[in-house]
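Asker: Please see the structure below; I have some questions.
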Amino acid sequence: MSTQMLMVLGGLALVGVFSVWRSGRKSAIRAQKGVREVTRMTGNTIRLILATAIIAFVQWLVIVKIQNTTATWIALIVPALLAAATIVRLMAITEIVHTTRGGRR
């Protein structure tokens, strides 16, 4: 084999090593973003369950302990209004905004 052929093969090997290294880095970044999203979703789910339990407990307490019709209606309507406002706000999102973390995209 000539020296020129060895240099071409060495260059191709370097390109292959670089592409493997680059694809590994991209998949690692993608996996990191996925883990971050799952962690965010888990935190939101825990907060959702906690808030639901608190609201349900307060409603139950008002209905069982206070025999006032107005208080019962207020206990039922106010959380429903807040939930409806949240759902309307979620449905009104028209674009996805990408944020940068650490100066990189």
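Residue numbering restarts at 1 in every chain; chains get A, B, ... in the order shown in the structure tokens, and ligands count up from 1 in that same order.
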Leaving out stretch 76-93 of chain A and any residue of its chain fewer than 4 positions from it, which residues lie within 9 Å of it when counting only C-alpha atoms, given as an MDAnalysis selection string?
Answerer: chainID A and resid 55 59 71:72
